[in-house]
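Scroll down for the structure; my scribbles are underneath it.
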Amino acid sequence: MSRLTDLTISAARDGLAEGDFSARELAESHIQAMEAARPLNAFVTETPERAIQMAEASDARRVKGEALPLDGIPLAIKDLYCTEGVLTTAGSHILDGFRPPYESTVTAQLWRDGAVMLGKTNMDEFAMGSANVTSHYGPVESPWRREGDNRALVPGGSSGGSAAAVAARIALGATGTDTGGSIRQPASFTGIVGLKPTYGRCSRWGIVAFASSLDQAGPMTRTVRDAAIMLGSMAGHDPKDSTSVDRLVPDYEAALTGGIRGLRVGVPAEYRMDGMPEEIEALWRRGEEWLTAAGADCVPIRLPHTKYALAAYYIVAPAEASSNLARYDGVRYGLRVPGDSVDAMYEGTRGEGFGTEVRRRVMIGAYVLSAGYYDAYYLKAQKVRTLILKDFTDAFEDVDVILAPTAPSAAFAIGEKEDDPIAMYLNDVFTVPASMAGLPGISVPAGLSGEGLPLGLQLIGRPFDEETVLRTAGVLEDAAGFDARPPAIPGA
Amino acid sequence: MSMVQGATGEWEMVIGLEVHAQVVSEAKLFSGAATDFGAEPNSQVSLVDAAMPGMLPVINEVCVHQAVRTGLGLKAEINLVSVFDRKNYFYPDLPAGYQISQFTRPIVGKGEIEIDLADGSSRTIGITRLHLEQDAGKSLHDQDPKRSFIDLNRSGVALMEIVSEPDMRSAEEAAAYLRKMRAILRYLGTCDGNMDEGSMRCDVNVSMRRLGDPLGTRCEIKNVNSIRFLQQAIEYEARRQVAILEDGGTIDQETRLFDSRKGETRTMRSKEEAHDYRYFPDPDLLPLELDADWVETLKADLPELPDEKKARFVEVFGITPYDAGILVAEQDRADYFEAVAEGRDAKLAANWMISELFGRLNKASLEIADSPVSAAALGELVDMIADDTISGRIAKEVFDEMVETGQGAGAIVEAKGLKQITDTGALETVVDEIIAGNPEQAEQFREGKQSVVGWFVGQAMKATQGKANPKAVNEILRKKLG
């Protein structure tokens with residue numbers, strides 16, 4: 001483990017503190033890795049000069065004895081986060097040339113704590129996708145390969161670039177955003193840890209909106225501890241986001257005690273779905289065994305409305321998206337396709353600027369909100385959402401955390417499922433319910449599929465109980481001992 | 001109630017108003033940008049107002065405060081929980097592609113306004129609701145031959161939309177309602193009510209029916225930007241609808257635009273072309289929850305409003321309800337009146353304001369705040385009338401001079417020697433001369449013809465250039481001829 005890019009955030013933090021290497025050296029190693037890994041197409045924009053500048057500033061602070069919690073840690077930022085003066089595309093053609101004159105709250109907090117920006121990661125357009133194939137900047141390739149098959153695989157989505165960057169040792173950690181599974185599912189596909197915090201835990205200010213009532217920022221890292229470290233900097237109340245919650249940010253790292261004796265873990269029967277691969281079912285049972293061995297009590301629970309979650313999600317999220325994306329009209333920023341009239345300009349701009357999946361969801365969203373359909377779709381979906389939340393609330397009367405698979409399959413090849421939106425949407429079947437309920441969820445790499453691809457297990461916690469989620473995740477991580485490395489790390 | 005006379009009989013107008021009142025607040029409804037009128041285009045625009053990606057609205061508590069105070073001033077229910085919704089439509093001056101408004105759950109529910117009519121009667125007009133919403137920006141089509149420009153200064157400015165019940169039955173009532181609404185908003189300081197600056201705007205719904213029939217189909221008329229235009233628009237629309245109905249036609253429910261130059265309304269969009277706004281609760285904002293105690297505190301701190309002030313003026317100052325109504329119509333007038341009336345003959349003060357001061361201000365197109373005669377100066381004049389220093393007639397001359405020059409009454413009277421002659425000796429001489437010169441009239445008086453008294457007084461006034469105290473002249477005459 002001599003390569004700096006193989007370090008975890010916590011190990012890099014120690015190494016920097018010990019003076020084993022400088023932030024500049026750490027940044028340079030990652031910049032080289034980023035260049036070498038260009039075939040993965042994980043980044044839309046690389047910011048090596050900024051990385052060096054930030055790393056040098058970090059080294060200067062450390063010399064003065066003023067080191068910050070994340071000082072010198074090189075991170076990749078999902079291109080949904082607005083970064084001041086740096087191209088921010090949301091993976092869309094419609095944001096061509098958009099350089100925000102402001103910095104998102106979450107990234108500002110990361111820089112406040114000394115982190116170093118490597119660049120902006122590729123993603124599904126406007127975070128709509130589960131395979132990172134809808135980006136205007138092309139699909140991202142996972143560094144993983146099936147055994148004996150060199151076809152390029154998807155990294156999952158929508159935070160596919162971030163997942164690939166972390167898995168391929170290009171960044172020590174990355175920011176993602178999760179609306180229906182966009183952090184957890186790609187984490188599962190690429191063998192890393194992905195944490196979606198409770199809705200309201202991190203500020204949404206400065207993050208390009210997809211579905212406002214669901215979007216949440218979170219860390220993507222190679223260890224549970226690293227996720228805890230990053231979340232400590234990302235979380236917190238922001239007066240600029242009315243939905244962010246004013247609660248103390250606990251010391252998440254301190255929650256990783258490894259002690260889960262007596263913890264009650266719920267295993268929801270409804271997540272056992274028809275046609276689910278046996279190896280996922282087996283991995284889930286192994287997860288139960290690991291937690292039981294550590295002293296937890298695993299008990300069956302019921303989440304009876306689970307089967308409606310995906311359908312309701314694909315009404316609520318597009319509805320909000322159809323409205324959130326109305327601002328991309330060619331008037332003020334980004335792409336403008338001129339036309340003879342304002343309407344022609346709108347049509348040209350939005351028709352060319354948005355890809356197929358975004359257009360599909362905008363149309364679904366406009367439809368479910370329209371007069372005569374609102375009650376049957378949007379309102380009904382909101383009622384379902386209330387019931388899903390109630391399912392979880394009831395379950396958490398009895399258990400402290402819920403264990404489930406993260407995704408119903410391992411990664412698939414680029415091109416697969418692309419002509420079948422429903423099959424694609426099914427990727428999120430296990431992650432969407434927690435999103436609809438606003439609950440914290442984490443995906444921990446727990447094993448390999450028969451084809452040699454990573455599979456994740458998901459833990460879902462009570463609102464704002466990221467500590468229990470992380471503690472339990474730490475136990476799973478230790479028990480699983482997942483140490484497989486992606487075979488296709490360019491330059492490695 | 002005034003009926004519209006058609007060829008086939010009488011028709012009743014049914015009118016409802018939607019008033020858009022800009023909230024008096026330093027900052028916008030969901031951003032910190034300033035709201036000053038007349039600023040350089042796009043100089044008061046925050047990232048939120050321009051709908052930059054990732055920007056989020058945060059409610060401005062001052063605007064909530066103002067909306068609740070307005071609701072209380074309209075004697076309305078305050079909804080302790082209300083919800084902001086998105087009203088979705090595309091327009092270049094609507095940067096987000098939606099307006100944040102309140103649809104199903106407004107902040108203020110049912111209330112009422114009492115209006116006074118010219119015939120001395122009063123009516124109560126119901127308020128349906130008041131909700132908070134964002135204003136849009138402005139498209140500028142006259143800056144360039146080919147392109148349109150957008151000014152986002154108004155984008156996001158807080159508006160209160162105040163919707164009335166269809167309770168008005170004439171253009172006069174609608175005008176009285178709008179005037180009264182403006183007075184209440186100005187008393188509360190929640191809207192400056194300046195229709196010419198667009199900080200108060202009004203849409204009007206008009207339908208016609210035979211007395212006793214159910215409501216007819218209505219048309220909504222937009223762009224009615226003064227009280228005069230409101231009346232014109234209603235009168236025009238009523239005639240237009242009656243003509244159609246009497247021809248056997250039906251009214252199309254539609255949105256019409258008032259053309260103030262032609263004084264007519266014309267179709268803007270039909271019901272079929274109406275937008276589907278796809279309202280839904282704004283997920284960026286939590287439901288707005290108010291504390292009942294806080295609302296009570298605001299209620300206790302409300303200023304005296306026009307109706308209460310009017311009642312007090314009638315009771316304390318003994319003026320007529322009609323005069324009181326005129327004086328309380330604007331806060332400045334009421335304050336002026338109180339300053340003049342305090343410790344003086346209040347009826348005299350009211351008369352002087354209503355029949356003399358207001359007339360002159362109107363003629364000069366001045367607001368009372370810009371009056372060349374201050375309340376103190378009018379008070380001095382009223383004092384001089386009350387203590388017989390000058391007569392009422394002379395006072396009018398003095399007042400003209402005051403308006404003209406801004407000088408005080410005392411100084412003008414002194415300089416022009418306009419003091420009333422109450423010196424009995426001097427007046428006796430004058431009266432003697434008149435009697436001597438007019439034996440015929442003197443004889444008539446002695447014969448008991450009371451009407452010549454007036455003639456004699458007139459002659460005495462003429463001889464003294466109006467300075468004679470008519471009461472003194474009267475007494476002397478009776479003594480000399482009685």
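All residue names refer to the structure tokens as shown: chains lettered A, B, ... in order, residues numbered from 1 in each chain, ligands numbered from 1 in order.
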
Problem - Leu389 (chain A) environment, 10 Å, only C-alpha atoms, sequence neighbours closer than 4 positions dropped, as a PyMOL selection string - result: chain A and resi 303+305+383-385+393-395+433-439

Write a file of the selected residues as a PDB file, in the first residue's frame, keeping C-alpha atoms.
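Below you can see result29.pdb, which holds the result:
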ATOM      1  CA  LEU A 303     -43.024  -2.524   5.525  1.00  0.00           C
ATOM      2  CA  HIS A 305     -46.377  -0.309   1.364  1.00  0.00           C
ATOM      3  CA  LYS A 383     -50.623   9.742   0.215  1.00  0.00           C
ATOM      4  CA  VAL A 384     -48.562   6.673  -0.595  1.00  0.00           C
ATOM      5  CA  ARG A 385     -45.521   8.572   0.566  1.00  0.00           C
ATOM      6  CA  THR A 393     -42.065   4.935  11.773  1.00  0.00           C
ATOM      7  CA  ASP A 394     -43.968   1.878  12.976  1.00  0.00           C
ATOM      8  CA  ALA A 395     -40.999  -0.391  12.273  1.00  0.00           C
ATOM      9  CA  PRO A 433     -38.468   3.761  -0.011  1.00  0.00           C
ATOM     10  CA  ALA A 434     -35.929   5.337   2.382  1.00  0.00           C
ATOM     11  CA  SER A 435     -35.717   8.349   0.040  1.00  0.00           C
ATOM     12  CA  MET A 436     -39.476   8.757   0.063  1.00  0.00           C
ATOM     13  CA  ALA A 437     -39.376   8.668   3.860  1.00  0.00           C
ATOM     14  CA  GLY A 438     -36.378  11.021   4.068  1.00  0.00           C
ATOM     15  CA  LEU A 439     -34.408   8.487   6.106  1.00  0.00           C
TER      16      LEU A 439
END

Handout entry: chain B contacts on chain A, only C-alpha atoms, 6 Å, as a list in words
Key =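 The answer, sorted by residue number, is Trp205, Gly206, Ile207, Val208, Ala209, Ser212, Ser213, Ser242, Ala326, Arg327, Leu369 and Ser370 of chain A.
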
For the residues in that selection, give me C-alpha atoms as a PDB file, in the first residue's frame.
ATOM      1  CA  TRP A 205     -28.312  25.397  -1.354  1.00  0.00           C
ATOM      2  CA  GLY A 206     -26.201  25.589  -4.484  1.00  0.00           C
ATOM      3  CA  ILE A 207     -26.907  22.042  -5.589  1.00  0.00           C
ATOM      4  CA  VAL A 208     -28.769  21.959  -8.895  1.00  0.00           C
ATOM      5  CA  ALA A 209     -32.247  20.715  -7.979  1.00  0.00           C
ATOM      6  CA  SER A 212     -36.459  19.139  -4.033  1.00  0.00           C
ATOM      7  CA  SER A 213     -38.310  17.032  -1.471  1.00  0.00           C
ATOM      8  CA  SER A 242     -35.558  26.282   4.616  1.00  0.00           C
ATOM      9  CA  ALA A 326     -38.510  25.136 -15.986  1.00  0.00           C
ATOM     10  CA  ARG A 327     -35.808  27.722 -15.274  1.00  0.00           C
ATOM     11  CA  LEU A 369     -49.556  17.763 -12.116  1.00  0.00           C
ATOM     12  CA  SER A 370     -51.998  18.819 -14.793  1.00  0.00           C
TER      13      SER A 370
END

Exercise for the section: Find the distance between CA of Leu80 (chain A) and CA of Phe464 (chain A) and write it in Å to one decimal. Expected result: 23.7 Å

Completion exercise
With distances taken over only C-alpha atoms, the candidate from B:Arg123, B:Lys363, B:Arg240, B:Arg186 nearest Arg69 (chain B) is B:Arg186

Exercise for the section: Check the DSSP output for the backbone and give back, as a PyMOL selection string, the residues of region 212-399 of chain A in strand (DSSP E). Expected result: chain A and resi 216-221+264-268+297-301

Practice task
Pick out the residues sitting within 8 Å of region 444-459 of chain B, and hand them over as an NGL selection string; count only C-alpha atoms, and ignore anything fewer than 3 positions along from it in its own chain.
Solution key: :B and (434 or 440-441 or 462-463 or 470 or 473-474 or 477 or 481-482)

Output N, CA and C atoms for every residue in the selection just made, as a CSV table (one decimal), in the first residue's frame.
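Heads up, here's the output in result-v7.csv:
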chain,number,residue,atom,x,y,z
B,434,ILE,N,-76.0,105.3,6.5
B,434,ILE,CA,-76.8,104.5,5.6
B,434,ILE,C,-78.3,104.8,5.8
B,440,GLU,N,-86.3,105.4,2.7
B,440,GLU,CA,-87.3,104.5,2.3
B,440,GLU,C,-87.2,103.2,2.9
B,441,GLN,N,-85.9,102.6,2.9
B,441,GLN,CA,-85.7,101.3,3.5
B,441,GLN,C,-85.8,101.4,5.0
B,462,LYS,N,-70.5,96.6,2.9
B,462,LYS,CA,-70.0,97.3,1.7
B,462,LYS,C,-69.2,98.5,2.0
B,463,ALA,N,-69.8,99.3,3.0
B,463,ALA,CA,-69.2,100.5,3.4
B,463,ALA,C,-67.8,100.3,4.1
B,470,PRO,N,-71.0,91.7,11.4
B,470,PRO,CA,-72.4,91.7,11.1
B,470,PRO,C,-73.3,91.7,12.3
B,473,VAL,N,-73.5,95.2,13.7
B,473,VAL,CA,-74.3,96.0,12.8
B,473,VAL,C,-75.8,95.8,13.1
B,474,ASN,N,-76.2,94.5,13.2
B,474,ASN,CA,-77.5,94.1,13.4
B,474,ASN,C,-78.1,94.8,14.7
B,477,LEU,N,-78.6,98.5,14.3
B,477,LEU,CA,-79.7,98.8,13.5
B,477,LEU,C,-81.0,98.7,14.3
B,481,LEU,N,-83.4,101.8,14.8
B,481,LEU,CA,-84.7,101.8,14.0
B,481,LEU,C,-85.9,101.2,14.8
B,482,GLY,N,-85.5,100.5,15.9
B,482,GLY,CA,-86.6,99.8,16.6
B,482,GLY,C,-87.5,100.6,17.4

Practice task
Check the DSSP output for the backbone and give back, as a ChimeraX atom specification, the residues of region 10-175 of chain B in helix (DSSP H, G or I).
Solution key: /B:61-73,171-175

Exercise for the section: Write out as a ChimeraX atom specification which residues come within 10 Å of Asn427 (chain A) when counting only C-alpha atoms, dropping same-chain ones fewer than 2 positions away. Expected result: /A:129-131,156-157,180-181,185,310,406-411,422-425,429-432

Any idea what's packed within 9 Å of Leu361 (chain B), counting only C-alpha atoms, ignoring anything in its chain fewer than 5 positions away? Could you give it as a short mmCIF file (atom, residue, chain, number, x, y, z; two decimals) with N, CA, C and O atoms, in the first residue's frame?
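Okay, this is what ended up in around-v3.cif:
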data_model
loop_
_atom_site.label_atom_id
_atom_site.label_comp_id
_atom_site.auth_asym_id
_atom_site.auth_seq_id
_atom_site.Cartn_x
_atom_site.Cartn_y
_atom_site.Cartn_z
N GLU B 356 -63.03 74.41 1.87
CA GLU B 356 -62.04 75.38 1.39
C GLU B 356 -60.71 74.72 1.02
O GLU B 356 -60.25 74.81 -0.11
N LEU B 366 -52.54 68.95 -5.44
CA LEU B 366 -51.61 68.73 -4.33
C LEU B 366 -52.19 67.74 -3.34
O LEU B 366 -53.40 67.68 -3.15
N GLU B 367 -51.30 66.96 -2.73
CA GLU B 367 -51.71 66.10 -1.62
C GLU B 367 -51.69 66.96 -0.37
O GLU B 367 -51.01 68.00 -0.31
N ILE B 368 -52.40 66.49 0.65
CA ILE B 368 -52.47 67.29 1.86
C ILE B 368 -51.10 67.43 2.52
O ILE B 368 -50.79 68.44 3.15
N ASP B 370 -48.52 68.11 1.06
CA ASP B 370 -47.82 69.23 0.41
C ASP B 370 -48.60 70.53 0.52
O ASP B 370 -48.32 71.49 -0.20
N SER B 371 -49.58 70.57 1.39
CA SER B 371 -50.43 71.75 1.51
C SER B 371 -49.61 72.99 1.87
O SER B 371 -48.77 72.92 2.78
N PRO B 372 -49.84 74.11 1.16
CA PRO B 372 -49.11 75.33 1.52
C PRO B 372 -49.57 75.90 2.87
O PRO B 372 -48.89 76.73 3.45
#

Exercise for the section: Between A:Met34, A:Met273, A:Ile170, A:Val106, single out the one closest to Asp238 (chain A), counting only C-alpha atoms. Expected result: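 Of A:Met34, A:Met273, A:Ile170, A:Val106, the one nearest Asp238 (chain A) is A:Val106, counting only C-alpha atoms.
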
Practice task
Find the residue from A:Val342, A:Val44, A:Met276, A:Ile364 that sits nearest to Gly91 (chain A); use only C-alpha atoms when measuring.
Solution key: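 Ranking A:Val342, A:Val44, A:Met276, A:Ile364 by distance to Gly91 (chain A), first place goes to A:Val44.
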
Practice task
Please provide as a list of chain:residue names all residues within 12 Å of Leu211 (chain B), with the sequence filter that same-chain residues fewer than 4 positions apart are discarded (counting only C-alpha atoms).
Solution key: B:Met1, B:Ser2, B:Met3, B:Val4, B:Gln5, B:Gly9, B:Glu10, B:Trp11, B:Glu12, B:Met13, B:Val14, B:Arg169, B:Leu215, B:Gly216

Practice task
Using CA of Glu347 (chain A) and CA of Leu325 (chain A) as the two end points, give the distance in Å to one decimal.
Solution key: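 It comes out at 13.5 Å.
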